[in-house]
Amino acid sequence: MFMADIAGVRVLYTGDYSREEDCHLCAAEIPQFSLYFNSEKMAKTIRRLAEKTLEFGESVSGFLVKKAFTCQIMALDDLHVFSQLSTENISQRITIAYNGAFGVLKHRLKQIFESVESLPDEESEGPAFRVHERLTVKYESEKHISLHWRSDPISDMVSDSVIISILLILILITSYC
């Protein structure tokens, strides 16, 4: 059933896809009605979040799950219990052929990004630095560098921009040689 406005005439179409003729009612024959909804929403905390009694005004952090007109707030660790979803942490690594000086790369990335910090040699094998505390750039050999990051939307954007910057630096190095 739906309302159609054709050339200023409002018609209610009630088609039931049967062999009977469809019924068309003019707007004068349609009784007016109003629907009122209660705008208050209540969400229940479940599992680990429900273990602690909250005081009025205290905040809770979790996932809001709406199912069958009910709202529930649950912790990330409980997500697999109530759904078929699972959560994982993905660590990504890419190795790029880079034959330029590692110091030049670090200097160029410092010009582009606000936060580029050297890592101590104990933390990584050989020279390395971090970009925005999310991405680690390591010197693997004279011909390779590697990038390591834990995947999330912001880290992926940082890694994409660092990869593009490295490729542009490579283009500049090869064009001057």
# chains A, B, ... in the order shown; residues from 1 in each chain; ligands from 1

call {"tool": "residues_around", "arguments": {"residues": "A:Thr136", "least_positions_apart": "5", "cutoff": "12 Å", "atoms": "only C-alpha atoms", "output": "list in words"}}
result
Ser91, Gln92, Arg93, Ile94, Thr95, Lys106, Ser115, Val116, Glu117, Ser118, Leu119, Glu123, Ser124, Pro127, Ala128, Phe129, Arg130, Val131, Ile145, Ser146, Leu147, His148, Trp149, Arg150, Ser155, Val158, Ser159, Val162 and Ile163 of chain A

call {"tool": "select_by_dssp", "arguments": {"residues": "stretch 32-149 of chain A", "states": "strand (DSSP E)", "output": "VMD selection string"}}
result
chain A and resid 43 to 45 63 to 67 70 to 74 91 to 97 116 to 118 128 to 131 135 to 141 144 to 149

call {"tool": "atom_distance", "arguments": {"atom1": "atom CA of A:Ala50", "atom2": "atom CA of A:Thr70"}}
result
16.0 Å

call {"tool": "residues_around", "arguments": {"residues": "A:Leu168", "least_positions_apart": "4", "cutoff": "12 Å", "atoms": "only C-alpha atoms", "output": "list in words"}}
result
Tyr98, Leu105, Arg108, Leu109, Ser161, Val162, Ile163, Ile164, Leu172, Ile173, Thr174 and Ser175 of chain A

call {"tool": "select_by_dssp", "arguments": {"residues": "stretch 40-131 of chain A", "states": "alpha helix (DSSP H)", "output": "ChimeraX atom specification"}}
result
/A:79-82,102-112

call {"tool": "atom_distance", "arguments": {"atom1": "atom CA of A:Asn99", "atom2": "atom CA of A:Tyr176"}}
result
13.6 Å

call {"tool": "closest_residue", "arguments": {"among": "A:Ile73, A:Val81, A:Ala43, A:Ile166", "to": "A:Ile112", "atoms": "only C-alpha atoms"}}
result
A:Ile166

call {"tool": "closest_residue", "arguments": {"among": "A:Ile169, A:Val60, A:Ala75, A:Ala68", "to": "A:Arg48", "atoms": "only C-alpha atoms"}}
result
A:Ala75

call {"tool": "atom_distance", "arguments": {"atom1": "atom CA of A:Glu140", "atom2": "atom CA of A:Asp152"}}
result
24.3 Å

call {"tool": "decode", "arguments": {"residues": "stretch 68-97 of chain A", "atoms": "N, CA, C and O atoms", "output": "PDB file, in the first residue's frame"}}
result
ATOM      1  N   ALA A  68      15.712  -6.584  17.316  1.00  0.00           N
ATOM      2  CA  ALA A  68      14.304  -6.810  17.630  1.00  0.00           C
ATOM      3  C   ALA A  68      13.760  -5.726  18.562  1.00  0.00           C
ATOM      4  O   ALA A  68      13.178  -6.018  19.598  1.00  0.00           O
ATOM      5  N   PHE A  69      13.965  -4.466  18.237  1.00  0.00           N
ATOM      6  CA  PHE A  69      13.466  -3.301  18.961  1.00  0.00           C
ATOM      7  C   PHE A  69      14.043  -3.171  20.372  1.00  0.00           C
ATOM      8  O   PHE A  69      13.497  -2.477  21.204  1.00  0.00           O
ATOM      9  N   THR A  70      15.126  -3.861  20.675  1.00  0.00           N
ATOM     10  CA  THR A  70      15.797  -3.697  21.960  1.00  0.00           C
ATOM     11  C   THR A  70      17.215  -3.203  21.702  1.00  0.00           C
ATOM     12  O   THR A  70      17.809  -3.506  20.676  1.00  0.00           O
ATOM     13  N   CYS A  71      17.720  -2.435  22.638  1.00  0.00           N
ATOM     14  CA  CYS A  71      19.082  -1.920  22.539  1.00  0.00           C
ATOM     15  C   CYS A  71      19.904  -2.477  23.693  1.00  0.00           C
ATOM     16  O   CYS A  71      19.452  -2.473  24.834  1.00  0.00           O
ATOM     17  N   GLN A  72      21.084  -2.961  23.357  1.00  0.00           N
ATOM     18  CA  GLN A  72      21.980  -3.501  24.373  1.00  0.00           C
ATOM     19  C   GLN A  72      23.359  -2.911  24.162  1.00  0.00           C
ATOM     20  O   GLN A  72      23.783  -2.703  23.028  1.00  0.00           O
ATOM     21  N   ILE A  73      24.060  -2.645  25.272  1.00  0.00           N
ATOM     22  CA  ILE A  73      25.427  -2.164  25.212  1.00  0.00           C
ATOM     23  C   ILE A  73      26.317  -3.279  25.747  1.00  0.00           C
ATOM     24  O   ILE A  73      26.076  -3.790  26.849  1.00  0.00           O
ATOM     25  N   MET A  74      27.293  -3.669  24.962  1.00  0.00           N
ATOM     26  CA  MET A  74      28.177  -4.756  25.380  1.00  0.00           C
ATOM     27  C   MET A  74      29.627  -4.369  25.161  1.00  0.00           C
ATOM     28  O   MET A  74      29.937  -3.481  24.370  1.00  0.00           O
ATOM     29  N   ALA A  75      30.500  -5.054  25.874  1.00  0.00           N
ATOM     30  CA  ALA A  75      31.939  -4.846  25.735  1.00  0.00           C
ATOM     31  C   ALA A  75      32.421  -5.515  24.456  1.00  0.00           C
ATOM     32  O   ALA A  75      31.790  -6.449  23.947  1.00  0.00           O
ATOM     33  N   LEU A  76      33.537  -5.045  23.947  1.00  0.00           N
ATOM     34  CA  LEU A  76      34.108  -5.616  22.732  1.00  0.00           C
ATOM     35  C   LEU A  76      34.408  -7.098  22.902  1.00  0.00           C
ATOM     36  O   LEU A  76      34.189  -7.892  21.989  1.00  0.00           O
ATOM     37  N   ASP A  77      34.857  -7.502  24.082  1.00  0.00           N
ATOM     38  CA  ASP A  77      35.193  -8.898  24.320  1.00  0.00           C
ATOM     39  C   ASP A  77      33.971  -9.807  24.275  1.00  0.00           C
ATOM     40  O   ASP A  77      34.092 -11.008  24.075  1.00  0.00           O
ATOM     41  N   ASP A  78      32.776  -9.249  24.469  1.00  0.00           N
ATOM     42  CA  ASP A  78      31.549 -10.056  24.464  1.00  0.00           C
ATOM     43  C   ASP A  78      30.894 -10.120  23.097  1.00  0.00           C
ATOM     44  O   ASP A  78      29.870 -10.772  22.936  1.00  0.00           O
ATOM     45  N   LEU A  79      31.442  -9.451  22.108  1.00  0.00           N
ATOM     46  CA  LEU A  79      30.821  -9.375  20.791  1.00  0.00           C
ATOM     47  C   LEU A  79      30.657 -10.753  20.150  1.00  0.00           C
ATOM     48  O   LEU A  79      29.628 -11.061  19.573  1.00  0.00           O
ATOM     49  N   HIS A  80      31.646 -11.618  20.308  1.00  0.00           N
ATOM     50  CA  HIS A  80      31.573 -12.943  19.689  1.00  0.00           C
ATOM     51  C   HIS A  80      30.514 -13.828  20.336  1.00  0.00           C
ATOM     52  O   HIS A  80      30.021 -14.762  19.725  1.00  0.00           O
ATOM     53  N   VAL A  81      30.122 -13.540  21.572  1.00  0.00           N
ATOM     54  CA  VAL A  81      29.118 -14.343  22.256  1.00  0.00           C
ATOM     55  C   VAL A  81      27.729 -14.082  21.683  1.00  0.00           C
ATOM     56  O   VAL A  81      26.928 -14.999  21.519  1.00  0.00           O
ATOM     57  N   PHE A  82      27.431 -12.830  21.353  1.00  0.00           N
ATOM     58  CA  PHE A  82      26.103 -12.443  20.917  1.00  0.00           C
ATOM     59  C   PHE A  82      25.963 -12.312  19.400  1.00  0.00           C
ATOM     60  O   PHE A  82      24.883 -12.041  18.907  1.00  0.00           O
ATOM     61  N   SER A  83      27.017 -12.467  18.673  1.00  0.00           N
ATOM     62  CA  SER A  83      26.930 -12.359  17.218  1.00  0.00           C
ATOM     63  C   SER A  83      27.915 -13.332  16.589  1.00  0.00           C
ATOM     64  O   SER A  83      28.702 -13.967  17.267  1.00  0.00           O
ATOM     65  N   GLN A  84      27.859 -13.399  15.292  1.00  0.00           N
ATOM     66  CA  GLN A  84      28.789 -14.250  14.569  1.00  0.00           C
ATOM     67  C   GLN A  84      30.012 -13.469  14.123  1.00  0.00           C
ATOM     68  O   GLN A  84      30.819 -13.968  13.348  1.00  0.00           O
ATOM     69  N   LEU A  85      30.142 -12.242  14.629  1.00  0.00           N
ATOM     70  CA  LEU A  85      31.283 -11.409  14.281  1.00  0.00           C
ATOM     71  C   LEU A  85      32.459 -11.730  15.185  1.00  0.00           C
ATOM     72  O   LEU A  85      32.291 -12.105  16.338  1.00  0.00           O
ATOM     73  N   SER A  86      33.638 -11.578  14.662  1.00  0.00           N
ATOM     74  CA  SER A  86      34.831 -11.744  15.479  1.00  0.00           C
ATOM     75  C   SER A  86      35.719 -10.522  15.267  1.00  0.00           C
ATOM     76  O   SER A  86      35.639  -9.850  14.247  1.00  0.00           O
ATOM     77  N   THR A  87      36.545 -10.244  16.255  1.00  0.00           N
ATOM     78  CA  THR A  87      37.442  -9.105  16.147  1.00  0.00           C
ATOM     79  C   THR A  87      38.870  -9.613  16.144  1.00  0.00           C
ATOM     80  O   THR A  87      39.212 -10.540  16.870  1.00  0.00           O
ATOM     81  N   GLU A  88      39.679  -9.004  15.330  1.00  0.00           N
ATOM     82  CA  GLU A  88      41.079  -9.393  15.211  1.00  0.00           C
ATOM     83  C   GLU A  88      41.926  -8.141  15.076  1.00  0.00           C
ATOM     84  O   GLU A  88      41.458  -7.105  14.623  1.00  0.00           O
ATOM     85  N   ASN A  89      43.176  -8.256  15.473  1.00  0.00           N
ATOM     86  CA  ASN A  89      44.155  -7.206  15.233  1.00  0.00           C
ATOM     87  C   ASN A  89      45.032  -7.656  14.078  1.00  0.00           C
ATOM     88  O   ASN A  89      45.568  -8.764  14.101  1.00  0.00           O
ATOM     89  N   ILE A  90      45.176  -6.810  13.101  1.00  0.00           N
ATOM     90  CA  ILE A  90      45.958  -7.152  11.922  1.00  0.00           C
ATOM     91  C   ILE A  90      47.217  -6.304  11.912  1.00  0.00           C
ATOM     92  O   ILE A  90      47.144  -5.076  11.951  1.00  0.00           O
ATOM     93  N   SER A  91      48.364  -6.961  11.885  1.00  0.00           N
ATOM     94  CA  SER A  91      49.638  -6.262  11.738  1.00  0.00           C
ATOM     95  C   SER A  91      50.054  -6.373  10.280  1.00  0.00           C
ATOM     96  O   SER A  91      50.069  -7.470   9.723  1.00  0.00           O
ATOM     97  N   GLN A  92      50.370  -5.244   9.688  1.00  0.00           N
ATOM     98  CA  GLN A  92      50.732  -5.242   8.277  1.00  0.00           C
ATOM     99  C   GLN A  92      52.202  -4.894   8.109  1.00  0.00           C
ATOM    100  O   GLN A  92      52.782  -4.172   8.926  1.00  0.00           O
ATOM    101  N   ARG A  93      52.770  -5.416   7.037  1.00  0.00           N
ATOM    102  CA  ARG A  93      54.168  -5.147   6.717  1.00  0.00           C
ATOM    103  C   ARG A  93      54.300  -5.095   5.201  1.00  0.00           C
ATOM    104  O   ARG A  93      53.716  -5.901   4.490  1.00  0.00           O
ATOM    105  N   ILE A  94      55.056  -4.125   4.747  1.00  0.00           N
ATOM    106  CA  ILE A  94      55.360  -4.031   3.322  1.00  0.00           C
ATOM    107  C   ILE A  94      56.843  -3.726   3.189  1.00  0.00           C
ATOM    108  O   ILE A  94      57.401  -2.951   3.964  1.00  0.00           O
ATOM    109  N   THR A  95      57.497  -4.381   2.248  1.00  0.00           N
ATOM    110  CA  THR A  95      58.909  -4.141   1.954  1.00  0.00           C
ATOM    111  C   THR A  95      58.989  -3.424   0.613  1.00  0.00           C
ATOM    112  O   THR A  95      58.371  -3.847  -0.362  1.00  0.00           O
ATOM    113  N   ILE A  96      59.758  -2.337   0.591  1.00  0.00           N
ATOM    114  CA  ILE A  96      59.872  -1.512  -0.610  1.00  0.00           C
ATOM    115  C   ILE A  96      61.332  -1.469  -1.025  1.00  0.00           C
ATOM    116  O   ILE A  96      62.219  -1.299  -0.186  1.00  0.00           O
ATOM    117  N   ALA A  97      61.558  -1.627  -2.315  1.00  0.00           N
ATOM    118  CA  ALA A  97      62.927  -1.488  -2.836  1.00  0.00           C
ATOM    119  C   ALA A  97      63.308  -0.018  -2.761  1.00  0.00           C
ATOM    120  O   ALA A  97      62.662   0.843  -3.352  1.00  0.00           O
TER     121      ALA A  97
END
